[in-house]
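*Asks:* For reference, this is coords_27.cif, and it has mmCIF, C-alpha atoms.
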data_work
loop_
_atom_site.group_PDB
_atom_site.id
_atom_site.type_symbol
_atom_site.label_atom_id
_atom_site.label_comp_id
_atom_site.auth_asym_id
_atom_site.auth_seq_id
_atom_site.Cartn_x
_atom_site.Cartn_y
_atom_site.Cartn_z
ATOM 1 C CA MET A 25 0.000 0.000 0.000
ATOM 2 C CA SER A 26 2.910 2.387 0.279
ATOM 3 C CA TYR A 27 6.503 3.003 -0.619
ATOM 4 C CA HIS A 28 7.848 1.924 2.745
ATOM 5 C CA ASN A 29 6.207 -1.451 3.168
ATOM 6 C CA SER A 30 8.542 -4.383 2.932
ATOM 7 C CA ASN A 31 7.969 -6.969 5.658
ATOM 8 C CA HIS A 32 5.768 -10.022 5.518
ATOM 9 C CA MET A 33 2.954 -8.757 7.730
ATOM 10 C CA VAL A 34 2.621 -5.757 5.545
ATOM 11 C CA THR A 35 2.459 -7.977 2.453
ATOM 12 C CA ILE A 36 -0.518 -9.809 3.914
ATOM 13 C CA LYS A 37 -2.153 -6.533 4.804
ATOM 14 C CA ARG A 38 -1.438 -5.219 1.343
ATOM 15 C CA LYS A 39 -3.172 -8.205 -0.283
ATOM 16 C CA ARG A 40 -6.263 -7.551 1.800
ATOM 17 C CA ASN A 41 -6.122 -3.890 0.980
ATOM 18 C CA GLU A 42 -5.871 -4.621 -2.726
ATOM 19 C CA ALA A 43 -9.204 -6.432 -2.512
ATOM 20 C CA VAL A 44 -10.708 -3.287 -1.005
ATOM 21 C CA PHE A 45 -9.234 -1.052 -3.705
ATOM 22 C CA ARG A 46 -10.442 -3.404 -6.430
ATOM 23 C CA ALA A 47 -13.902 -3.551 -4.850
ATOM 24 C CA ILE A 48 -14.384 0.203 -4.837
ATOM 25 C CA ALA A 49 -12.856 0.761 -8.283
ATOM 26 C CA ASP A 50 -16.154 -0.197 -9.927
ATOM 27 C CA PRO A 51 -18.902 2.465 -10.139
ATOM 28 C CA THR A 52 -21.760 -0.025 -9.634
ATOM 29 C CA ARG A 53 -20.131 -1.388 -6.500
ATOM 30 C CA ARG A 54 -19.626 2.133 -5.194
ATOM 31 C CA GLU A 55 -23.317 2.814 -5.738
ATOM 32 C CA ILE A 56 -24.203 -0.388 -3.899
ATOM 33 C CA LEU A 57 -22.110 0.771 -0.943
ATOM 34 C CA GLY A 58 -23.863 4.139 -1.119
ATOM 35 C CA LEU A 59 -27.265 2.400 -0.975
ATOM 36 C CA LEU A 60 -26.248 0.269 1.982
ATOM 37 C CA ARG A 61 -25.109 3.301 3.857
ATOM 38 C CA ALA A 62 -28.782 4.131 4.393
ATOM 39 C CA GLY A 63 -29.364 0.712 5.984
ATOM 40 C CA GLU A 64 -29.655 -2.994 5.244
ATOM 41 C CA ARG A 65 -31.204 -4.047 1.947
ATOM 42 C CA SER A 66 -32.189 -7.371 0.447
ATOM 43 C CA VAL A 67 -30.453 -8.482 -2.744
ATOM 44 C CA GLY A 68 -33.724 -7.887 -4.607
ATOM 45 C CA GLU A 69 -34.033 -4.337 -3.286
ATOM 46 C CA ILE A 70 -30.453 -3.598 -4.281
ATOM 47 C CA ALA A 71 -30.951 -5.053 -7.754
ATOM 48 C CA SER A 72 -34.105 -2.966 -8.314
ATOM 49 C CA ASN A 73 -31.908 0.155 -8.258
ATOM 50 C CA PHE A 74 -29.837 -0.988 -11.212
ATOM 51 C CA ARG A 75 -30.424 -1.788 -14.832
ATOM 52 C CA CYS A 76 -28.058 -4.754 -14.836
ATOM 53 C CA SER A 77 -29.273 -8.273 -14.115
ATOM 54 C CA ARG A 78 -29.764 -9.706 -10.667
ATOM 55 C CA PRO A 79 -26.986 -12.296 -11.187
ATOM 56 C CA ALA A 80 -24.663 -9.415 -12.079
ATOM 57 C CA ILE A 81 -25.600 -7.625 -8.852
ATOM 58 C CA SER A 82 -25.072 -10.856 -6.913
ATOM 59 C CA LYS A 83 -21.602 -11.095 -8.403
ATOM 60 C CA HIS A 84 -20.809 -7.539 -7.313
ATOM 61 C CA LEU A 85 -22.103 -8.345 -3.831
ATOM 62 C CA ARG A 86 -19.895 -11.450 -3.612
ATOM 63 C CA LEU A 87 -16.876 -9.341 -4.455
ATOM 64 C CA LEU A 88 -17.849 -6.721 -1.891
ATOM 65 C CA ARG A 89 -18.317 -9.465 0.720
ATOM 66 C CA SER A 90 -14.931 -11.003 -0.013
ATOM 67 C CA ALA A 91 -13.363 -7.572 0.477
ATOM 68 C CA GLY A 92 -15.135 -7.376 3.831
ATOM 69 C CA LEU A 93 -17.151 -4.321 2.838
ATOM 70 C CA VAL A 94 -20.551 -6.010 2.857
ATOM 71 C CA THR A 95 -22.045 -8.371 5.415
ATOM 72 C CA ALA A 96 -24.994 -10.668 4.724
ATOM 73 C CA HIS A 97 -27.440 -12.562 6.873
ATOM 74 C CA ARG A 98 -30.778 -14.292 6.299
ATOM 75 C CA ARG A 99 -34.032 -12.847 7.532
ATOM 76 C CA GLY A 100 -37.041 -14.947 6.604
ATOM 77 C CA THR A 101 -36.745 -15.811 2.975
ATOM 78 C CA SER A 102 -34.438 -12.994 1.963
ATOM 79 C CA ASN A 103 -30.741 -12.302 2.280
ATOM 80 C CA LEU A 104 -30.094 -8.951 3.920
ATOM 81 C CA CYS A 105 -26.923 -7.075 3.042
ATOM 82 C CA GLY A 106 -25.300 -4.462 5.249
ATOM 83 C CA LEU A 107 -22.340 -2.143 5.047
ATOM 84 C CA ASN A 108 -19.070 -2.619 6.892
ATOM 85 C CA ALA A 109 -17.002 0.501 6.282
ATOM 86 C CA LYS A 110 -14.032 -0.536 8.403
ATOM 87 C CA PRO A 111 -11.820 -1.946 5.580
ATOM 88 C CA LEU A 112 -12.084 1.433 3.847
ATOM 89 C CA ARG A 113 -9.586 2.609 6.421
ATOM 90 C CA ALA A 114 -6.933 1.213 4.047
ATOM 91 C CA VAL A 115 -7.845 3.836 1.489
ATOM 92 C CA ASN A 116 -7.379 6.565 4.020
ATOM 93 C CA ASP A 117 -4.019 5.115 5.126
ATOM 94 C CA TRP A 118 -2.874 5.046 1.510
ATOM 95 C CA LEU A 119 -3.667 8.744 1.128
ATOM 96 C CA GLN A 120 -1.914 9.535 4.413
ATOM 97 C CA ASP A 121 1.278 7.869 3.150
ATOM 98 C CA TYR A 122 1.276 10.124 0.112
ATOM 99 C CA GLN A 123 0.533 13.136 2.270
ATOM 100 C CA ALA A 124 3.664 12.388 4.301
ATOM 101 C CA PHE A 125 5.729 11.794 1.161
ATOM 102 C CA TRP A 126 4.841 15.157 -0.380
ATOM 103 C CA SER A 127 5.134 16.979 2.895
ATOM 104 C CA GLU A 128 8.708 15.748 3.329
ATOM 105 C CA SER A 129 9.581 16.333 -0.317
ATOM 106 C CA LEU A 130 8.438 19.958 -0.294
ATOM 107 C CA ARG A 131 10.193 20.576 3.009
ATOM 108 C CA SER A 132 13.427 19.277 1.412
ATOM 109 C CA LEU A 133 12.922 21.586 -1.565
ATOM 110 C CA LYS A 134 12.439 24.610 0.688
ATOM 111 C CA THR A 135 15.467 23.796 2.839
ATOM 112 C CA TYR A 136 17.706 23.195 -0.162
ATOM 113 C CA ILE A 137 16.773 26.427 -1.945
ATOM 114 C CA GLU A 138 16.937 28.637 1.123
ATOM 115 C CA GLU A 139 20.317 27.198 2.150
ATOM 116 C CA ASN A 140 21.705 27.595 -1.397
ATOM 117 C CA PRO A 141 20.551 31.055 -2.478
ATOM 118 C CA MET B 16 3.590 24.762 5.621
ATOM 119 C CA SER B 17 0.013 23.534 5.553
ATOM 120 C CA THR B 18 -1.398 20.081 5.066
ATOM 121 C CA ALA B 19 -4.765 18.872 3.889
ATOM 122 C CA SER B 20 -6.183 15.526 2.912
ATOM 123 C CA ALA B 21 -9.511 15.039 1.219
ATOM 124 C CA THR B 22 -11.387 12.692 -1.087
ATOM 125 C CA ASP B 23 -9.046 10.956 -3.535
ATOM 126 C CA PHE B 24 -6.322 13.560 -3.695
ATOM 127 C CA VAL B 25 -3.752 15.096 -1.384
ATOM 128 C CA THR B 26 -2.585 18.678 -1.369
ATOM 129 C CA GLU B 27 0.462 20.257 0.148
ATOM 130 C CA GLN B 28 1.730 23.823 0.171
ATOM 131 C CA VAL B 29 5.037 25.454 1.030
ATOM 132 C CA SER B 30 6.372 29.027 0.837
ATOM 133 C CA ILE B 31 9.976 29.433 -0.264
ATOM 134 C CA HIS B 32 12.058 32.598 -0.012
ATOM 135 C CA ALA B 33 13.182 32.592 -3.654
ATOM 136 C CA PRO B 34 11.837 33.705 -7.032
ATOM 137 C CA ALA B 35 9.514 31.346 -8.925
ATOM 138 C CA VAL B 36 12.079 30.906 -11.730
ATOM 139 C CA ARG B 37 14.615 29.584 -9.236
ATOM 140 C CA VAL B 38 12.104 27.281 -7.532
ATOM 141 C CA PHE B 39 10.892 25.909 -10.866
ATOM 142 C CA GLU B 40 14.460 25.226 -11.977
ATOM 143 C CA THR B 41 15.299 23.437 -8.716
ATOM 144 C CA LEU B 42 12.158 21.364 -9.029
ATOM 145 C CA MET B 43 12.427 20.418 -12.688
ATOM 146 C CA ASN B 44 16.125 20.461 -13.667
ATOM 147 C CA PRO B 45 17.487 16.873 -13.488
ATOM 148 C CA VAL B 46 20.845 17.963 -12.043
ATOM 149 C CA GLU B 47 19.177 20.086 -9.377
ATOM 150 C CA ARG B 48 16.392 17.694 -8.466
ATOM 151 C CA VAL B 49 18.528 14.815 -7.218
ATOM 152 C CA LYS B 50 20.359 17.205 -4.884
ATOM 153 C CA TRP B 51 17.377 17.808 -2.629
ATOM 154 C CA TRP B 52 14.615 15.251 -3.194
ATOM 155 C CA GLY B 53 14.624 12.917 -0.227
ATOM 156 C CA SER B 54 14.951 12.805 3.505
ATOM 157 C CA PRO B 55 17.781 11.197 5.471
ATOM 158 C CA ASP B 56 17.309 7.433 6.054
ATOM 159 C CA ARG B 57 13.806 7.405 4.554
ATOM 160 C CA PHE B 58 13.940 7.954 0.815
ATOM 161 C CA SER B 59 16.106 9.633 -1.772
ATOM 162 C CA MET B 60 15.962 10.203 -5.488
ATOM 163 C CA THR B 61 19.243 9.518 -7.247
ATOM 164 C CA HIS B 62 18.455 9.756 -10.942
ATOM 165 C CA PHE B 63 16.057 11.901 -12.956
ATOM 166 C CA GLU B 64 15.544 11.890 -16.714
ATOM 167 C CA SER B 65 13.204 14.475 -18.126
ATOM 168 C CA ASP B 66 11.969 15.596 -21.511
ATOM 169 C CA LEU B 67 10.239 18.717 -20.241
ATOM 170 C CA ARG B 68 7.567 19.477 -22.823
ATOM 171 C CA VAL B 69 3.910 18.546 -23.111
ATOM 172 C CA GLY B 70 3.848 14.877 -24.115
ATOM 173 C CA GLY B 71 7.485 14.397 -23.019
ATOM 174 C CA LYS B 72 8.407 11.536 -20.689
ATOM 175 C CA TRP B 73 10.162 11.576 -17.338
ATOM 176 C CA LEU B 74 11.684 8.883 -15.143
ATOM 177 C CA MET B 75 12.946 9.060 -11.587
ATOM 178 C CA LEU B 76 14.947 6.393 -9.753
ATOM 179 C CA GLY B 77 15.907 6.219 -6.116
ATOM 180 C CA THR B 78 15.667 4.261 -2.915
ATOM 181 C CA GLY B 79 12.941 4.218 -0.313
ATOM 182 C CA TYR B 80 13.178 2.343 2.971
ATOM 183 C CA GLY B 81 15.871 0.058 1.644
ATOM 184 C CA ARG B 82 14.185 -0.709 -1.653
ATOM 185 C CA ASP B 83 14.773 0.526 -5.162
ATOM 186 C CA VAL B 84 11.962 2.731 -6.337
ATOM 187 C CA ARG B 85 11.056 3.910 -9.790
ATOM 188 C CA VAL B 86 8.474 6.466 -10.839
ATOM 189 C CA GLU B 87 7.691 7.584 -14.346
ATOM 190 C CA GLY B 88 5.170 9.600 -16.277
ATOM 191 C CA VAL B 89 4.348 12.033 -19.042
ATOM 192 C CA TYR B 90 4.101 15.832 -18.910
ATOM 193 C CA LYS B 91 0.561 17.072 -19.481
ATOM 194 C CA GLU B 92 0.743 20.827 -18.927
ATOM 195 C CA LEU B 93 3.640 23.257 -18.877
ATOM 196 C CA ASP B 94 3.688 27.006 -18.243
ATOM 197 C CA ARG B 95 7.119 27.967 -16.888
ATOM 198 C CA PRO B 96 7.596 28.957 -14.159
ATOM 199 C CA ARG B 97 3.996 28.877 -12.999
ATOM 200 C CA LEU B 98 2.651 25.426 -13.722
ATOM 201 C CA VAL B 99 3.645 21.865 -14.514
ATOM 202 C CA THR B 100 1.446 18.764 -14.427
ATOM 203 C CA PHE B 101 2.505 15.206 -15.119
ATOM 204 C CA THR B 102 1.261 11.664 -14.733
ATOM 205 C CA TRP B 103 2.767 9.588 -11.929
ATOM 206 C CA LEU B 104 3.207 5.820 -12.146
ATOM 207 C CA PRO B 105 5.150 4.419 -9.183
ATOM 208 C CA SER B 106 6.755 0.986 -8.951
ATOM 209 C CA TRP B 107 5.760 0.574 -5.304
ATOM 210 C CA GLN B 108 2.023 0.845 -5.833
ATOM 211 C CA PRO B 109 0.036 -2.391 -6.002
ATOM 212 C CA ASP B 110 -2.130 -2.608 -9.118
ATOM 213 C CA ALA B 111 -0.220 0.421 -10.301
ATOM 214 C CA THR B 112 -2.366 2.982 -12.042
ATOM 215 C CA GLU B 113 -1.414 6.445 -13.168
ATOM 216 C CA SER B 114 -2.275 9.380 -10.981
ATOM 217 C CA LEU B 115 -1.728 13.075 -11.690
ATOM 218 C CA VAL B 116 0.688 15.495 -10.027
ATOM 219 C CA ARG B 117 0.228 19.242 -10.372
ATOM 220 C CA PHE B 118 2.711 21.883 -9.197
ATOM 221 C CA GLU B 119 1.553 25.506 -9.177
ATOM 222 C CA LEU B 120 4.024 28.270 -8.354
ATOM 223 C CA GLU B 121 2.983 31.788 -7.379
ATOM 224 C CA GLU B 122 5.538 34.486 -6.616
ATOM 225 C CA THR B 123 4.768 37.484 -4.396
ATOM 226 C CA ASP B 124 7.477 39.886 -3.176
ATOM 227 C CA GLY B 125 10.248 37.375 -3.797
ATOM 228 C CA VAL B 126 8.465 34.563 -1.971
ATOM 229 C CA THR B 127 7.186 31.651 -4.029
ATOM 230 C CA THR B 128 4.251 29.588 -2.871
ATOM 231 C CA VAL B 129 4.385 26.055 -4.214
ATOM 232 C CA ARG B 130 1.054 24.262 -4.268
ATOM 233 C CA LEU B 131 1.037 20.545 -4.938
ATOM 234 C CA THR B 132 -2.037 18.506 -5.832
ATOM 235 C CA HIS B 133 -1.741 14.763 -6.342
ATOM 236 C CA SER B 134 -5.052 13.448 -7.646
ATOM 237 C CA GLY B 135 -6.562 10.212 -8.930
ATOM 238 C CA LEU B 136 -4.624 8.392 -6.243
ATOM 239 C CA VAL B 137 -6.917 5.541 -5.466
ATOM 240 C CA THR B 138 -7.624 4.009 -8.839
ATOM 241 C CA GLN B 139 -7.585 4.892 -12.483
ATOM 242 C CA ALA B 140 -11.305 4.223 -12.472
ATOM 243 C CA SER B 141 -11.807 6.861 -9.842
ATOM 244 C CA ARG B 142 -10.603 9.501 -12.265
ATOM 245 C CA GLU B 143 -12.513 8.185 -15.223
ATOM 246 C CA SER B 144 -15.764 7.756 -13.426
ATOM 247 C CA HIS B 145 -16.396 10.208 -10.668
ATOM 248 C CA ARG B 146 -20.014 9.199 -10.376
ATOM 249 C CA GLY B 147 -20.605 8.149 -6.812
ATOM 250 C CA TRP B 148 -16.975 8.394 -5.979
ATOM 251 C CA SER B 149 -16.797 11.701 -4.157
ATOM 252 C CA GLN B 150 -19.780 10.693 -2.068
ATOM 253 C CA ILE B 151 -18.236 7.398 -1.033
ATOM 254 C CA LEU B 152 -14.899 8.928 -0.211
ATOM 255 C CA GLY B 153 -16.681 11.690 1.660
ATOM 256 C CA TRP B 154 -18.234 9.323 4.105
ATOM 257 C CA LEU B 155 -15.114 7.211 4.157
ATOM 258 C CA LYS B 156 -13.317 10.298 5.396
ATOM 259 C CA ASP B 157 -15.996 10.849 8.058
ATOM 260 C CA TYR B 158 -15.563 7.253 9.092
ATOM 261 C CA ALA B 159 -11.779 7.256 9.098
ATOM 262 C CA GLU B 160 -11.620 10.392 11.205
ATOM 263 C CA LYS B 161 -13.892 8.847 13.791
ATOM 264 C CA VAL B 162 -11.959 5.596 14.197
#
Would you mind writing the structure in this file as structure tokens?

*Replies:*
Amino acid sequence: MSYHNSNHMVTIKRKRNEAVFRAIADPTRREILGLLRAGERSVGEIASNFRCSRPAISKHLRLLRSAGLVTAHRRGTSNLCGLNAKPLRAVNDWLQDYQAFWSESLRSLKTYIEENP
Amino acid sequence: MSTASATDFVTEQVSIHAPAVRVFETLMNPVERVKWWGSPDRFSMTHFESDLRVGGKWLMLGTGYGRDVRVEGVYKELDRPRLVTFTWLPSWQPDATESLVRFELEETDGVTTVRLTHSGLVTQASRESHRGWSQILGWLKDYAEKV
């Protein structure tokens, strides 16, 4: 996830994070997450918001579940899906790494120029 | 120096006591760049090749935390010494996709403000399809700041 990761633990974490990044790269999956933010929905309710087929939505939901972003449980005859935003933390961490990188780089630029007028 | 992080880009700003022409040269001249880009025992850039014109390619090599790093891209906009934008494709990024770096320089009374924006950081798709993206990252940010 960043330029300074090299040990094994981080590699495992990175793999998990990649699943999150891949999951949110797709616009339909982002819309599904947006829907679930309002509360739990059945697969049928989710699918009714999209033009694509129900099997296609189910496939998106499987991917979101494997990334840990969506939870599912049965209630009566339907499968209810819910949002788990926690893995999205990885996205924030990734941005923070870049923030630190640019912060240090610009500080170096300033120091160099002002010390070498 | 001020810092801000939002949605799928990061911004950073610094004020340097030097004219914009000098800052631009230090930033973009290959000989100059490798003299300052880095921080002790964290990362350093050792080699920079640059064809500084719109459509021209650039390549930067260095080390970061004990590993070789490589970043490359293409210049997209150029207005010396006020503006340069270029794509950014790093070797250390999983599922590497291009993002966009923008440097804006503004000189006032001999002090140059350098404003950096690095956008499209999360995925290529995020830049191509912004539908739903800003919303998701907005509440992601809310979430991340709470945790």

*Asks:* Between CA of Asp83 in chain B and CA of Trp103 in chain B, measure the distance and give it in Å to one decimal.

*Replies:*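 If I compute the distance from CA of Asp83 in chain B to CA of Trp103 in chain B, I get 16.5 Å.
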
*Asks:* Within 7 Å of chain B, which residues of chain A are there when counting all atoms listed in the file? Please give them as an mmCIF file with C-alpha atoms, in the coordinates of the input.

*Replies:*
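Saved file part_34.cif follows:
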data_model
loop_
_atom_site.group_PDB
_atom_site.id
_atom_site.type_symbol
_atom_site.label_atom_id
_atom_site.label_comp_id
_atom_site.auth_asym_id
_atom_site.auth_seq_id
_atom_site.Cartn_x
_atom_site.Cartn_y
_atom_site.Cartn_z
ATOM 1 C CA MET A 25 0.000 0.000 0.000
ATOM 2 C CA SER A 26 2.910 2.387 0.279
ATOM 3 C CA TYR A 27 6.503 3.003 -0.619
ATOM 4 C CA HIS A 28 7.848 1.924 2.745
ATOM 5 C CA ALA A 49 -12.856 0.761 -8.283
ATOM 6 C CA PRO A 51 -18.902 2.465 -10.139
ATOM 7 C CA ARG A 54 -19.626 2.133 -5.194
ATOM 8 C CA GLU A 55 -23.317 2.814 -5.738
ATOM 9 C CA GLY A 58 -23.863 4.139 -1.119
ATOM 10 C CA LEU A 112 -12.084 1.433 3.847
ATOM 11 C CA ARG A 113 -9.586 2.609 6.421
ATOM 12 C CA ASN A 116 -7.379 6.565 4.020
ATOM 13 C CA LEU A 119 -3.667 8.744 1.128
ATOM 14 C CA GLN A 123 0.533 13.136 2.270
ATOM 15 C CA TRP A 126 4.841 15.157 -0.380
ATOM 16 C CA SER A 127 5.134 16.979 2.895
ATOM 17 C CA GLU A 128 8.708 15.748 3.329
ATOM 18 C CA SER A 129 9.581 16.333 -0.317
ATOM 19 C CA LEU A 130 8.438 19.958 -0.294
ATOM 20 C CA SER A 132 13.427 19.277 1.412
ATOM 21 C CA LEU A 133 12.922 21.586 -1.565
ATOM 22 C CA LYS A 134 12.439 24.610 0.688
ATOM 23 C CA TYR A 136 17.706 23.195 -0.162
ATOM 24 C CA GLU A 138 16.937 28.637 1.123
#

*Asks:* Taking 3 positions as the minimum chain separation for residues in the same chain, which residues sit within 6 Å of Ser66 in chain A when counting all atoms listed in the file? Answer as number ranges by chain.

*Replies:* A: 69, 103-105

*Asks:* Please compute the CA of Thr102 in chain B-CA of Trp118 in chain A distance, one decimal, in Å.

*Replies:*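 The value is 18.0 Å.
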
*Asks:* Evaluate the PyMOL selection byres ((chain B and resi 61) around 6) here and jot the selected residues down as number ranges by chain.

*Replies:* B: 49, 60, 62, 76-77

*Asks:* Output the selection as a PDB file, in the frame of the given file - C-alpha atoms for each residue.

*Replies:*
ATOM      1  CA  VAL B  49      18.528  14.815  -7.218  1.00  0.00           C
ATOM      2  CA  MET B  60      15.962  10.203  -5.488  1.00  0.00           C
ATOM      3  CA  HIS B  62      18.455   9.756 -10.942  1.00  0.00           C
ATOM      4  CA  LEU B  76      14.947   6.393  -9.753  1.00  0.00           C
ATOM      5  CA  GLY B  77      15.907   6.219  -6.116  1.00  0.00           C
TER       6      GLY B  77
END

*Asks:* To test the calculation: enclose all listed atoms of range 67-76 of chain A in a box whose edges run along x, y and z, add 5 Å on each side, then state centre and edge lengths in Å to one decimal, as JSON.

*Replies:*
{"center_x": -31.1, "center_y": -4.2, "center_z": -8.8, "size_x": 16.0, "size_y": 18.6, "size_z": 22.1}

*Asks:* May I ask for the distance between CA of Ala124 in chain A and CA of Leu88 in chain A, given in Å to one decimal place?

*Replies:*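 Between these atoms lies a distance of 29.4 Å.
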
*Asks:* How would you write, as JSON, numbers by chain, the residues chosen by the PyMOL selection byres ((chain B and resi 68) around 10) on this structure?

*Replies:* {"B": [65, 66, 67, 69, 70, 71, 72, 73, 89, 90, 91, 92, 93, 94, 99]}

*Asks:* Neighbouring residues of range 76-86 of chain A were defined as those with any atom within 10 Å, considering only C-alpha atoms; residues of the same chain fewer than 5 positions away were excluded. Please report them as a ChimeraX atom specification.

*Replies:* /A:47,50,52-54,56-57,67-68,70-71,91-96,105

*Asks:* Taking C-alpha atoms for each residue, export the selection above as a JSON list (two decimals), keeping the file's coordinate frame.

*Replies:*
[["chain", "number", "residue", "atom", "x", "y", "z"],
["A", 47, "ALA", "CA", -13.90, -3.55, -4.85],
["A", 50, "ASP", "CA", -16.15, -0.20, -9.93],
["A", 52, "THR", "CA", -21.76, -0.02, -9.63],
["A", 53, "ARG", "CA", -20.13, -1.39, -6.50],
["A", 54, "ARG", "CA", -19.63, 2.13, -5.19],
["A", 56, "ILE", "CA", -24.20, -0.39, -3.90],
["A", 57, "LEU", "CA", -22.11, 0.77, -0.94],
["A", 67, "VAL", "CA", -30.45, -8.48, -2.74],
["A", 68, "GLY", "CA", -33.72, -7.89, -4.61],
["A", 70, "ILE", "CA", -30.45, -3.60, -4.28],
["A", 71, "ALA", "CA", -30.95, -5.05, -7.75],
["A", 91, "ALA", "CA", -13.36, -7.57, 0.48],
["A", 92, "GLY", "CA", -15.14, -7.38, 3.83],
["A", 93, "LEU", "CA", -17.15, -4.32, 2.84],
["A", 94, "VAL", "CA", -20.55, -6.01, 2.86],
["A", 95, "THR", "CA", -22.04, -8.37, 5.42],
["A", 96, "ALA", "CA", -24.99, -10.67, 4.72],
["A", 105, "CYS", "CA", -26.92, -7.08, 3.04]]

*Asks:* For Asn41 in chain A, which residue among A:Leu87, A:Ser72, A:Leu107, A:Ala114 is the nearest when counting all atoms listed in the file?

*Replies:*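 Looking only at the distances to Asn41 in chain A, the closest residue turns out to be A:Ala114.
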
*Asks:* Would you mind telling me which residue in B:Ala35, B:Leu104, B:Met75, B:Asn44 lies nearest to Gly88 in chain B when using only C-alpha atoms?

*Replies:*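 Using only C-alpha atoms, Gly88 in chain B sits closest to B:Leu104.
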
*Asks:* Would you fill the gaps in range 112-125 of chain B so it has N, CA and C atoms, then print it as a PDB file, in the coordinates of the input?

*Replies:*
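That gives us part-v8.pdb:
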ATOM      1  N   THR B 112      -1.633   2.191 -11.061  1.00  0.00           N
ATOM      2  CA  THR B 112      -2.366   2.982 -12.042  1.00  0.00           C
ATOM      3  C   THR B 112      -1.797   4.392 -12.005  1.00  0.00           C
ATOM      4  N   GLU B 113      -1.941   5.087 -13.103  1.00  0.00           N
ATOM      5  CA  GLU B 113      -1.414   6.445 -13.168  1.00  0.00           C
ATOM      6  C   GLU B 113      -2.257   7.406 -12.347  1.00  0.00           C
ATOM      7  N   SER B 114      -1.591   8.273 -11.630  1.00  0.00           N
ATOM      8  CA  SER B 114      -2.275   9.380 -10.981  1.00  0.00           C
ATOM      9  C   SER B 114      -1.682  10.656 -11.568  1.00  0.00           C
ATOM     10  N   LEU B 115      -2.145  11.817 -11.090  1.00  0.00           N
ATOM     11  CA  LEU B 115      -1.728  13.075 -11.690  1.00  0.00           C
ATOM     12  C   LEU B 115      -1.164  14.031 -10.642  1.00  0.00           C
ATOM     13  N   VAL B 116       0.040  14.547 -10.931  1.00  0.00           N
ATOM     14  CA  VAL B 116       0.688  15.495 -10.027  1.00  0.00           C
ATOM     15  C   VAL B 116       0.664  16.883 -10.666  1.00  0.00           C
ATOM     16  N   ARG B 117       0.302  17.870  -9.877  1.00  0.00           N
ATOM     17  CA  ARG B 117       0.228  19.242 -10.372  1.00  0.00           C
ATOM     18  C   ARG B 117       0.999  20.159  -9.433  1.00  0.00           C
ATOM     19  N   PHE B 118       1.982  20.885  -9.968  1.00  0.00           N
ATOM     20  CA  PHE B 118       2.711  21.883  -9.197  1.00  0.00           C
ATOM     21  C   PHE B 118       2.326  23.266  -9.716  1.00  0.00           C
ATOM     22  N   GLU B 119       1.852  24.115  -8.815  1.00  0.00           N
ATOM     23  CA  GLU B 119       1.553  25.506  -9.177  1.00  0.00           C
ATOM     24  C   GLU B 119       2.453  26.417  -8.353  1.00  0.00           C
ATOM     25  N   LEU B 120       3.111  27.349  -9.026  1.00  0.00           N
ATOM     26  CA  LEU B 120       4.024  28.270  -8.354  1.00  0.00           C
ATOM     27  C   LEU B 120       3.492  29.693  -8.482  1.00  0.00           C
ATOM     28  N   GLU B 121       3.460  30.411  -7.352  1.00  0.00           N
ATOM     29  CA  GLU B 121       2.983  31.788  -7.379  1.00  0.00           C
ATOM     30  C   GLU B 121       3.950  32.658  -6.582  1.00  0.00           C
ATOM     31  N   GLU B 122       4.532  33.650  -7.266  1.00  0.00           N
ATOM     32  CA  GLU B 122       5.538  34.486  -6.616  1.00  0.00           C
ATOM     33  C   GLU B 122       4.948  35.817  -6.175  1.00  0.00           C
ATOM     34  N   THR B 123       5.178  36.183  -4.923  1.00  0.00           N
ATOM     35  CA  THR B 123       4.768  37.484  -4.396  1.00  0.00           C
ATOM     36  C   THR B 123       5.907  38.046  -3.554  1.00  0.00           C
ATOM     37  N   ASP B 124       6.391  39.219  -3.917  1.00  0.00           N
ATOM     38  CA  ASP B 124       7.477  39.886  -3.176  1.00  0.00           C
ATOM     39  C   ASP B 124       8.663  38.948  -2.925  1.00  0.00           C
ATOM     40  N   GLY B 125       9.068  38.225  -3.924  1.00  0.00           N
ATOM     41  CA  GLY B 125      10.248  37.375  -3.797  1.00  0.00           C
ATOM     42  C   GLY B 125      10.031  36.067  -3.049  1.00  0.00           C
TER      43      GLY B 125
END
